[in-house]
>>> print(open('work-v4.csv').read())   # CSV, C-alpha atoms
chain,number,residue,atom,x,y,z
A,1,MET,CA,211.5,58.8,171.5
A,2,LYS,CA,210.6,62.2,170.1
A,3,MET,CA,211.9,63.2,166.7
A,4,THR,CA,211.0,65.8,164.1
A,5,SER,CA,211.8,65.3,160.4
A,6,GLU,CA,211.9,67.7,157.5
A,7,THR,CA,212.8,67.2,153.9
A,8,MET,CA,215.2,69.9,152.7
A,9,GLY,CA,216.1,69.3,149.0
A,10,ASP,CA,217.9,66.0,148.7
A,11,MET,CA,218.1,65.6,152.4
A,12,LEU,CA,215.8,64.3,155.1
A,13,VAL,CA,216.8,66.1,158.3
A,14,VAL,CA,215.8,64.2,161.5
A,15,GLN,CA,216.2,66.0,164.7
A,16,VAL,CA,216.2,63.9,167.9
A,17,ASP,CA,214.2,65.8,170.5
A,18,GLU,CA,215.6,63.9,173.4
A,19,THR,CA,218.7,64.5,175.6
A,20,ARG,CA,219.8,60.8,175.5
A,21,ILE,CA,220.1,57.9,173.2
A,22,ASP,CA,221.0,55.2,175.7
A,23,ALA,CA,220.3,51.5,176.5
A,24,ALA,CA,216.8,52.5,177.8
A,25,GLY,CA,215.9,54.2,174.5
A,26,ALA,CA,218.0,52.6,171.8
A,27,ILE,CA,215.4,50.2,170.5
A,28,GLN,CA,212.8,53.0,170.3
A,29,PHE,CA,215.3,55.2,168.5
A,30,LYS,CA,215.9,52.5,165.9
A,31,GLU,CA,212.2,51.9,165.4
A,32,ARG,CA,211.4,55.6,165.1
A,33,MET,CA,214.2,56.1,162.6
A,34,ARG,CA,212.9,53.1,160.6
A,35,GLU,CA,209.5,54.8,160.4
A,36,VAL,CA,210.6,58.3,159.5
A,37,THR,CA,213.1,57.1,156.9
A,38,VAL,CA,210.7,54.8,155.0
A,39,ASP,CA,210.4,57.1,152.0
A,40,ALA,CA,213.6,59.1,152.8
A,41,ALA,CA,215.6,61.2,150.4
A,42,PRO,CA,219.1,59.9,149.4
A,43,ARG,CA,220.7,61.7,152.3
A,44,VAL,CA,219.5,61.4,155.8
A,45,VAL,CA,221.0,63.9,158.2
A,46,LEU,CA,220.6,63.1,161.9
A,47,ASP,CA,220.7,66.2,164.0
A,48,LEU,CA,222.0,65.2,167.4
A,49,SER,CA,222.5,68.8,168.7
A,50,ARG,CA,220.0,68.2,171.6
A,51,VAL,CA,221.5,64.8,172.6
A,52,ASN,CA,224.0,65.3,175.3
A,53,PHE,CA,224.5,61.6,176.1
A,54,LEU,CA,224.9,58.5,173.9
A,55,ASP,CA,226.2,55.2,175.2
A,56,SER,CA,227.3,52.1,173.3
A,57,SER,CA,223.7,50.9,172.8
A,58,GLY,CA,222.9,54.3,171.3
A,59,LEU,CA,225.9,54.1,169.1
A,60,GLY,CA,225.0,50.6,168.0
A,61,ALA,CA,221.5,51.9,167.1
A,62,VAL,CA,222.9,54.7,165.0
A,63,VAL,CA,225.1,52.2,163.2
A,64,ALA,CA,222.1,49.9,162.7
A,65,VAL,CA,220.1,52.8,161.2
A,66,MET,CA,223.0,53.6,158.8
A,67,LYS,CA,223.0,49.9,157.7
A,68,LEU,CA,219.3,50.0,157.3
A,69,LEU,CA,219.6,52.8,154.8
A,70,LEU,CA,222.2,51.0,152.7
A,71,PRO,CA,222.8,50.6,149.9
A,72,ALA,CA,220.9,53.5,148.3
A,73,ARG,CA,220.9,56.1,151.1
A,74,ARG,CA,223.4,57.6,153.4
A,75,LEU,CA,223.2,58.5,157.0
A,76,GLU,CA,225.1,61.7,158.0
A,77,LEU,CA,225.4,63.2,161.5
A,78,ALA,CA,225.2,66.8,162.6
A,79,GLY,CA,225.6,68.8,165.8
A,80,LEU,CA,227.5,66.3,168.0
A,81,THR,CA,227.7,67.5,171.6
A,82,PRO,CA,231.0,66.9,173.5
A,83,THR,CA,230.2,63.6,175.2
A,84,VAL,CA,228.6,62.2,172.1
A,85,GLU,CA,231.5,63.3,170.0
A,86,LYS,CA,233.8,61.6,172.4
A,87,VAL,CA,232.0,58.2,171.9
A,88,PHE,CA,232.2,58.5,168.1
A,89,ARG,CA,235.8,59.5,168.2
A,90,LEU,CA,237.0,56.8,170.6
A,91,THR,CA,235.2,54.0,168.7
A,92,ARG,CA,236.6,55.5,165.4
A,93,MET,CA,233.0,55.8,164.1
A,94,ASP,CA,233.9,59.4,163.3
A,95,GLY,CA,235.7,58.0,160.3
A,96,VAL,CA,232.7,56.0,159.2
A,97,PHE,CA,230.1,58.8,159.2
A,98,THR,CA,230.1,62.2,157.5
A,99,ILE,CA,229.8,64.5,160.5
A,100,HIS,CA,228.7,68.1,160.1
A,101,PRO,CA,229.2,70.7,162.8
A,102,ALA,CA,225.5,71.7,162.2
A,103,VAL,CA,222.8,70.7,159.8
A,104,PRO,CA,224.2,71.8,156.4
A,105,GLY,CA,221.1,73.7,155.3
A,106,ALA,CA,220.6,75.4,158.6
A,107,LEU,CA,224.2,76.5,158.5
A,108,ARG,CA,223.8,78.0,155.1
A,109,ASP,CA,220.6,79.8,156.1
A,110,ALA,CA,222.3,81.2,159.2
A,111,VAL,CA,225.2,82.8,157.2
B,1,MET,CA,223.1,32.5,201.4
B,2,PRO,CA,226.4,30.7,201.3
B,3,PHE,CA,229.2,32.0,203.5
B,4,GLU,CA,231.2,34.7,201.7
B,5,ILE,CA,234.2,36.7,202.4
B,6,HIS,CA,234.0,40.0,200.6
B,7,PRO,CA,234.3,43.6,201.3
B,8,GLU,CA,230.9,45.0,202.1
B,9,PRO,CA,230.1,48.4,200.7
B,10,ASP,CA,230.3,49.8,204.2
B,11,ALA,CA,233.9,48.7,204.3
B,12,VAL,CA,234.7,51.6,201.9
B,13,ALA,CA,234.1,54.2,204.5
B,14,PRO,CA,235.4,57.6,205.2
B,15,GLY,CA,238.5,57.6,207.4
B,16,ASP,CA,239.7,54.0,206.9
B,17,THR,CA,240.8,54.1,203.3
B,18,GLY,CA,243.6,56.6,203.2
B,19,GLY,CA,242.0,59.8,202.3
B,20,ARG,CA,239.1,58.4,200.4
B,21,VAL,CA,235.8,60.0,201.0
B,22,VAL,CA,232.6,58.2,199.9
B,23,ILE,CA,230.6,60.6,197.8
B,24,ALA,CA,227.8,58.3,196.7
B,25,HIS,CA,226.4,55.0,197.7
B,26,LEU,CA,223.2,53.7,196.1
B,27,SER,CA,221.4,50.6,195.2
B,28,PHE,CA,218.7,50.3,192.6
B,29,PRO,CA,216.9,47.7,190.4
B,30,ALA,CA,219.0,46.4,187.5
B,31,THR,CA,216.9,47.8,184.7
B,32,PHE,CA,217.9,50.2,181.9
B,33,PRO,CA,215.5,52.9,183.1
B,34,SER,CA,216.8,52.6,186.7
B,35,VAL,CA,220.4,52.9,185.5
B,36,ARG,CA,219.3,56.0,183.5
B,37,ALA,CA,217.6,57.4,186.6
B,38,ALA,CA,220.7,56.7,188.8
B,39,LEU,CA,223.0,58.4,186.3
B,40,GLY,CA,220.6,61.3,186.1
B,41,ALA,CA,220.7,61.8,189.8
B,42,LEU,CA,224.4,61.5,190.0
B,43,MET,CA,225.1,63.9,187.1
B,44,ALA,CA,222.6,66.5,188.2
B,45,GLY,CA,223.3,66.2,191.9
B,46,PRO,CA,226.1,67.7,194.1
B,47,VAL,CA,228.2,64.5,194.1
B,48,LEU,CA,230.2,65.3,191.0
B,49,ALA,CA,229.6,69.0,191.0
B,50,THR,CA,233.3,69.7,191.5
B,51,VAL,CA,234.3,67.5,188.6
B,52,PRO,CA,234.8,69.4,185.3
B,53,GLU,CA,232.0,68.8,182.7
B,54,ASP,CA,234.3,67.0,180.4
B,55,ALA,CA,235.4,64.5,183.0
B,56,ARG,CA,231.8,64.2,184.2
B,57,GLY,CA,230.8,63.2,180.7
B,58,THR,CA,233.5,60.6,180.7
B,59,ALA,CA,232.3,59.3,184.0
B,60,GLU,CA,228.8,59.0,182.8
B,61,ILE,CA,229.9,56.9,179.8
B,62,VAL,CA,231.9,54.5,181.9
B,63,LEU,CA,229.3,54.1,184.6
B,64,ALA,CA,226.5,53.7,182.0
B,65,GLU,CA,228.4,51.0,180.1
B,66,ALA,CA,229.4,49.1,183.3
B,67,MET,CA,225.9,49.1,184.8
B,68,ASN,CA,224.0,48.5,181.5
B,69,ASN,CA,226.2,45.5,181.0
B,70,ILE,CA,225.1,44.1,184.4
B,71,VAL,CA,221.4,44.6,183.3
B,72,GLU,CA,222.0,43.0,180.0
B,73,HIS,CA,224.3,40.1,180.9
B,74,ALA,CA,224.7,39.4,184.6
B,75,TYR,CA,220.9,39.6,185.2
B,76,VAL,CA,219.9,38.3,181.8
B,77,GLY,CA,216.2,37.3,182.1
B,78,VAL,CA,216.1,37.8,185.9
B,79,SER,CA,215.6,40.8,188.2
B,80,GLY,CA,218.3,41.9,190.6
B,81,GLU,CA,220.0,44.9,192.2
B,82,ILE,CA,223.0,47.0,191.4
B,83,THR,CA,225.0,48.7,194.1
B,84,LEU,CA,227.2,51.6,193.2
B,85,THR,CA,229.8,53.3,195.5
B,86,LEU,CA,231.8,56.3,194.5
B,87,TRP,CA,234.6,57.8,196.5
B,88,GLN,CA,236.9,60.7,195.8
B,89,ALA,CA,240.6,60.9,196.6
B,90,GLY,CA,242.4,63.9,195.3
B,91,GLY,CA,241.9,64.2,191.6
B,92,GLU,CA,240.4,60.8,191.3
B,93,VAL,CA,237.0,59.2,191.6
B,94,GLY,CA,237.0,55.6,192.6
B,95,CYS,CA,234.0,53.4,191.6
B,96,ARG,CA,232.8,50.1,192.9
B,97,ILE,CA,229.9,48.4,191.3
B,98,THR,CA,228.5,45.1,192.6
B,99,ASP,CA,225.7,42.8,191.6
B,100,ARG,CA,224.6,39.2,192.3
B,101,GLY,CA,224.0,38.1,188.8
B,102,LEU,CA,225.9,35.7,186.6
B,103,SER,CA,229.7,35.9,186.8
B,104,MET,CA,231.8,37.1,183.9
B,105,PRO,CA,232.6,34.2,181.4
B,106,ASP,CA,235.7,32.5,182.8
B,107,ASP,CA,235.7,35.1,185.7
B,108,THR,CA,237.5,37.4,183.3
B,109,LEU,CA,236.8,40.8,182.0
B,110,PRO,CA,236.1,41.0,178.3
B,111,GLU,CA,239.0,42.2,176.2
B,112,GLY,CA,237.0,44.9,174.7
B,113,SER,CA,238.8,45.3,171.4
B,114,LEU,CA,237.3,47.3,168.6
B,115,ALA,CA,236.0,45.1,165.8
B,116,MET,CA,237.1,46.5,162.4
B,117,ALA,CA,235.1,46.2,159.2
B,118,ASP,CA,236.0,46.5,155.6
B,119,THR,CA,232.7,47.9,154.5
B,120,PRO,CA,230.0,49.9,156.4
B,121,ALA,CA,227.6,47.0,155.9
B,122,ASP,CA,229.9,44.8,158.0
B,123,LEU,CA,230.2,47.3,160.9
B,124,PRO,CA,229.3,45.8,164.3
B,125,GLU,CA,226.3,47.2,166.1
B,126,GLY,CA,227.6,46.3,169.5
B,127,GLY,CA,230.7,45.4,171.4
B,128,PHE,CA,231.7,49.0,172.0
B,129,GLY,CA,231.0,48.9,175.7
B,130,TRP,CA,234.1,47.3,177.2
B,131,PHE,CA,236.2,49.1,174.7
B,132,LEU,CA,234.8,52.4,176.1
B,133,ILE,CA,235.2,51.3,179.7
B,134,ARG,CA,238.8,50.2,179.1
B,135,SER,CA,239.6,53.4,177.2
B,136,LEU,CA,238.2,55.8,179.8
B,137,SER,CA,239.0,54.2,183.1
B,138,ARG,CA,242.1,53.1,185.0
B,139,ASP,CA,242.9,50.2,187.4
B,140,LEU,CA,239.9,48.2,186.1
B,141,ARG,CA,239.4,45.1,188.2
B,142,TYR,CA,236.8,42.4,188.4
B,143,ALA,CA,236.4,39.9,191.2
B,144,ARG,CA,233.8,37.2,192.0
B,145,TYR,CA,233.2,36.7,195.7
B,146,GLY,CA,230.7,33.8,196.1
B,147,THR,CA,227.7,35.1,194.4
B,148,LEU,CA,228.9,38.7,194.3
B,149,ASN,CA,230.4,40.4,191.2
B,150,GLU,CA,232.6,43.3,192.0
B,151,LEU,CA,233.9,45.7,189.4
B,152,THR,CA,236.2,48.5,190.5
B,153,PHE,CA,237.9,51.2,188.5
B,154,VAL,CA,239.2,54.8,188.8
B,155,LEU,CA,238.2,57.8,186.9
B,156,ASP,CA,240.1,61.0,186.5
B,157,ALA,CA,238.2,63.8,188.2
B,158,GLU,CA,240.3,66.6,186.8
B,159,GLN,CA,240.5,66.0,183.1
B,160,SER,CA,239.1,63.5,180.6
B,161,GLY,CA,240.9,60.5,179.3
B,162,PRO,CA,242.6,60.4,175.9
B,163,GLY,CA,241.1,62.7,173.4
B,164,GLY,CA,241.4,65.6,171.1
B,165,PRO,CA,239.6,68.9,170.7
B,166,VAL,CA,235.9,68.9,170.6
B,167,VAL,CA,234.1,69.8,167.4
B,168,SER,CA,232.7,73.2,167.8
B,169,VAL,CA,229.2,74.0,166.7
B,170,LEU,CA,228.8,77.3,164.9
>>> encode(input="work-v4.csv", output="structure tokens")
Amino acid sequence: MKMTSETMGDMLVVQVDETRIDAAGAIQFKERMREVTVDAAPRVVLDLSRVNFLDSSGLGAVVAVMKLLLPARRLELAGLTPTVEKVFRLTRMDGVFTIHPAVPGALRDAV
Amino acid sequence: MPFEIHPEPDAVAPGDTGGRVVIAHLSFPATFPSVRAALGALMAGPVLATVPEDARGTAEIVLAEAMNNIVEHAYVGVSGEITLTLWQAGGEVGCRITDRGLSMPDDTLPEGSLAMADTPADLPEGGFGWFLIRSLSRDLRYARYGTLNELTFVLDAEQSGPGGPVVSVL
């Protein structure tokens, strides 16, 4: 599971460099996230703009990472593609996570 | 093998099912990577090329959930095979997925209701699969024929299931 992470102010931005977070990759995703967030900033923003498919195992892994960061740190999401957005919306997880259209800093830089 | 009466995949054939045309029929090992590969082939291939992208995404979710469920539960701890048949009839894609693993508990499909939580720490990390399948498919049926599990459902090939506008990325 390829990911790149970068600290931007009070945020750690983690970009998933894979097209899928599915049952075949959910455990690796969780393990990699555990590694990259060990010394994480208070906000962890997960950039999912390259992920075009996420199933219930992937969703469960994202929830697990969010819980892993509790209570001191927050997991936020950015760049949901249509099918991924659908899974979050249907399961009402869109109300649980702060979801940004794009990584907040990247958006600011682009303007 | 014990005597069984069940519709073999070949029974779903062009011409004998009222306008249904089989568009895919494949068997593969019941593993997560094989499910991923089968979905990849289906989504990238010509089979669902006429289905709008939104509906194709929905189909991929439902198929992934149904087949990963077989890997995880029906064939828990053992190897086996999954057979998937898709047919198209008008604006619908019909799906039939069979395996020879364990039957559903009580031969009944899970209810698939969403578990709610009062705090984020209490959120479930699983149990979304059947909820998604039920939300995004129609005419969902499960049957056990001897040692065969059969799951059938219909997907809309023209538009997605319930949903609102997609978040646009700037």
>>> closest_residue(input="work-v4.csv", among="B:Arg36, B:Arg56, B:Ala66, B:Glu125", to="Gly60 in chain A", atoms="all atoms listed in the file")
B:Glu125
>>> interface_residues(input="work-v4.csv", of="chain B", to="chain A", cutoff="6 Å", atoms="only C-alpha atoms", output="PyMOL selection string")
chain B and resi 32-33+57+121+125-126+128-129+169
>>> closest_residue(input="work-v4.csv", among="B:Leu102, B:Arg138, B:Trp130, B:Leu39", to="Ala115 in chain B", atoms="only C-alpha atoms")
B:Trp130
>>> atom_distance(input="work-v4.csv", atom1="CA of Gly77 in chain B", atom2="CA of Thr58 in chain B")
29.1 Å
>>> atom_distance(input="work-v4.csv", atom1="CA of Met1 in chain A", atom2="CA of Gln28 in chain A")
6.1 Å
>>> residues_around(input="work-v4.csv", residues="Val76 in chain B", least_positions_apart="4", cutoff="12 Å", atoms="all atoms listed in the file", output="ChimeraX atom specification")
/B:30-31,68-72,80,100-103
>>> atom_distance(input="work-v4.csv", atom1="CA of Gly19 in chain B", atom2="CA of Gly91 in chain B")
11.6 Å
>>> closest_residue(input="work-v4.csv", among="B:His73, B:Ile61, B:Ile23, B:Gly112", to="Pro46 in chain B", atoms="all atoms listed in the file")
B:Ile23
>>> residues_around(input="work-v4.csv", residues="Leu84 in chain B", least_positions_apart="5", cutoff="9 Å", atoms="all atoms listed in the file", output="short mmCIF file (atom, residue, chain, number, x, y, z; two decimals) with C-alpha atoms, in the coordinates of the input")
data_model
loop_
_atom_site.label_atom_id
_atom_site.label_comp_id
_atom_site.auth_asym_id
_atom_site.auth_seq_id
_atom_site.Cartn_x
_atom_site.Cartn_y
_atom_site.Cartn_z
CA PRO B 9 230.10 48.40 200.70
CA ALA B 24 227.80 58.30 196.70
CA HIS B 25 226.40 55.00 197.70
CA LEU B 26 223.20 53.70 196.10
CA SER B 27 221.40 50.60 195.20
CA PHE B 28 218.70 50.30 192.60
CA MET B 67 225.90 49.10 184.80
CA CYS B 95 234.00 53.40 191.60
CA ARG B 96 232.80 50.10 192.90
CA ILE B 97 229.90 48.40 191.30
CA THR B 98 228.50 45.10 192.60
#
>>> residues_around(input="work-v4.csv", residues="range 148-158 of chain B", least_positions_apart="2", cutoff="10 Å", atoms="all atoms listed in the file", output="JSON, numbers by chain")
{"B": [4, 5, 6, 7, 48, 50, 51, 52, 53, 54, 55, 56, 58, 59, 62, 63, 66, 67, 70, 74, 82, 83, 84, 85, 86, 87, 88, 89, 90, 91, 92, 93, 94, 95, 96, 97, 98, 99, 100, 101, 102, 103, 104, 107, 109, 133, 134, 136, 137, 138, 139, 140, 141, 142, 143, 144, 145, 146, 160, 161]}
>>> closest_residue(input="work-v4.csv", among="B:Pro29, B:Asp122, B:Ala64, B:Val21", to="Met43 in chain B", atoms="all atoms listed in the file")
B:Ala64
>>> closest_residue(input="work-v4.csv", among="A:Thr19, A:Val14, A:Gly9, A:Phe29", to="Ala41 in chain A", atoms="only C-alpha atoms")
A:Gly9
>>> closest_residue(input="work-v4.csv", among="B:Glu81, B:Val47, B:Leu132, B:Ala37", to="Phe88 in chain A", atoms="only C-alpha atoms")
B:Leu132
>>> decode(input="work-v4.csv", residues="range 88-99 of chain A", atoms="all heavy atoms", output="compact mmCIF listing (two decimals), in the first residue's frame")
# COMPACT_ATOMS: atom_id res chain seq x y z
N PHE A 88 -19.39 6.46 1.63
CA PHE A 88 -19.45 7.26 2.85
C PHE A 88 -20.85 7.82 3.09
O PHE A 88 -21.34 7.84 4.21
CB PHE A 88 -18.42 8.40 2.81
CG PHE A 88 -17.06 7.97 3.27
CD1 PHE A 88 -16.13 7.46 2.38
CD2 PHE A 88 -16.70 8.04 4.61
CE1 PHE A 88 -14.89 7.04 2.80
CE2 PHE A 88 -15.46 7.62 5.05
CZ PHE A 88 -14.55 7.12 4.14
N ARG A 89 -21.49 8.26 2.02
CA ARG A 89 -22.81 8.86 2.17
C ARG A 89 -23.85 7.83 2.57
O ARG A 89 -24.63 8.04 3.49
CB ARG A 89 -23.21 9.54 0.85
CG ARG A 89 -24.61 10.11 0.85
CD ARG A 89 -24.84 11.11 -0.28
NE ARG A 89 -24.20 10.74 -1.53
CZ ARG A 89 -24.70 9.86 -2.40
NH1 ARG A 89 -25.85 9.25 -2.14
NH2 ARG A 89 -24.08 9.59 -3.52
N LEU A 90 -23.88 6.69 1.88
CA LEU A 90 -24.88 5.67 2.17
C LEU A 90 -24.78 5.15 3.60
O LEU A 90 -25.77 4.89 4.25
CB LEU A 90 -24.75 4.50 1.19
CG LEU A 90 -25.25 4.74 -0.23
CD1 LEU A 90 -24.86 3.57 -1.11
CD2 LEU A 90 -26.76 4.92 -0.24
N THR A 91 -23.54 4.99 4.07
CA THR A 91 -23.35 4.45 5.42
C THR A 91 -23.39 5.56 6.48
O THR A 91 -23.16 5.29 7.66
CB THR A 91 -22.00 3.71 5.53
OG1 THR A 91 -20.95 4.62 5.17
CG2 THR A 91 -21.96 2.50 4.60
N ARG A 92 -23.67 6.75 6.04
CA ARG A 92 -23.77 7.94 6.90
C ARG A 92 -22.47 8.28 7.60
O ARG A 92 -22.45 8.98 8.59
CB ARG A 92 -24.91 7.78 7.91
CG ARG A 92 -26.21 7.61 7.17
CD ARG A 92 -27.42 7.68 8.08
NE ARG A 92 -28.54 7.10 7.36
CZ ARG A 92 -29.38 6.22 7.87
NH1 ARG A 92 -29.25 5.85 9.12
NH2 ARG A 92 -30.35 5.72 7.15
N MET A 93 -21.39 7.78 7.08
CA MET A 93 -20.08 8.13 7.63
C MET A 93 -19.67 9.53 7.18
O MET A 93 -18.71 10.09 7.70
CB MET A 93 -19.03 7.11 7.17
CG MET A 93 -19.15 5.79 7.89
SD MET A 93 -18.75 5.95 9.63
CE MET A 93 -19.43 4.42 10.24
N ASP A 94 -20.41 10.08 6.21
CA ASP A 94 -20.10 11.46 5.79
C ASP A 94 -20.44 12.45 6.90
O ASP A 94 -19.97 13.58 6.89
CB ASP A 94 -20.84 11.81 4.49
CG ASP A 94 -22.35 11.66 4.60
OD1 ASP A 94 -22.82 11.05 5.59
OD2 ASP A 94 -23.07 12.13 3.71
N GLY A 95 -21.26 12.00 7.87
CA GLY A 95 -21.57 12.86 8.99
C GLY A 95 -20.60 12.69 10.15
O GLY A 95 -20.61 13.45 11.11
N VAL A 96 -19.79 11.66 10.07
CA VAL A 96 -18.85 11.36 11.15
C VAL A 96 -17.52 12.05 10.91
O VAL A 96 -16.88 12.54 11.83
CB VAL A 96 -18.65 9.82 11.26
CG1 VAL A 96 -17.52 9.49 12.23
CG2 VAL A 96 -19.95 9.15 11.70
N PHE A 97 -17.12 12.09 9.64
CA PHE A 97 -15.82 12.67 9.28
C PHE A 97 -16.00 14.09 8.74
O PHE A 97 -17.00 14.38 8.08
CB PHE A 97 -15.15 11.84 8.18
CG PHE A 97 -14.70 10.48 8.63
CD1 PHE A 97 -15.54 9.39 8.55
CD2 PHE A 97 -13.41 10.31 9.14
CE1 PHE A 97 -15.12 8.13 8.96
CE2 PHE A 97 -12.99 9.06 9.56
CZ PHE A 97 -13.84 7.96 9.46
N THR A 98 -15.00 14.92 8.99
CA THR A 98 -14.91 16.18 8.26
C THR A 98 -14.36 15.85 6.88
O THR A 98 -13.30 15.23 6.77
CB THR A 98 -13.96 17.16 8.98
OG1 THR A 98 -14.50 17.42 10.28
CG2 THR A 98 -13.83 18.46 8.21
N ILE A 99 -15.12 16.21 5.84
CA ILE A 99 -14.71 15.86 4.48
C ILE A 99 -14.47 17.13 3.68
O ILE A 99 -15.37 17.96 3.54
CB ILE A 99 -15.78 14.97 3.80
CG1 ILE A 99 -15.98 13.68 4.62
CG2 ILE A 99 -15.37 14.65 2.36
CD1 ILE A 99 -17.04 12.74 4.07
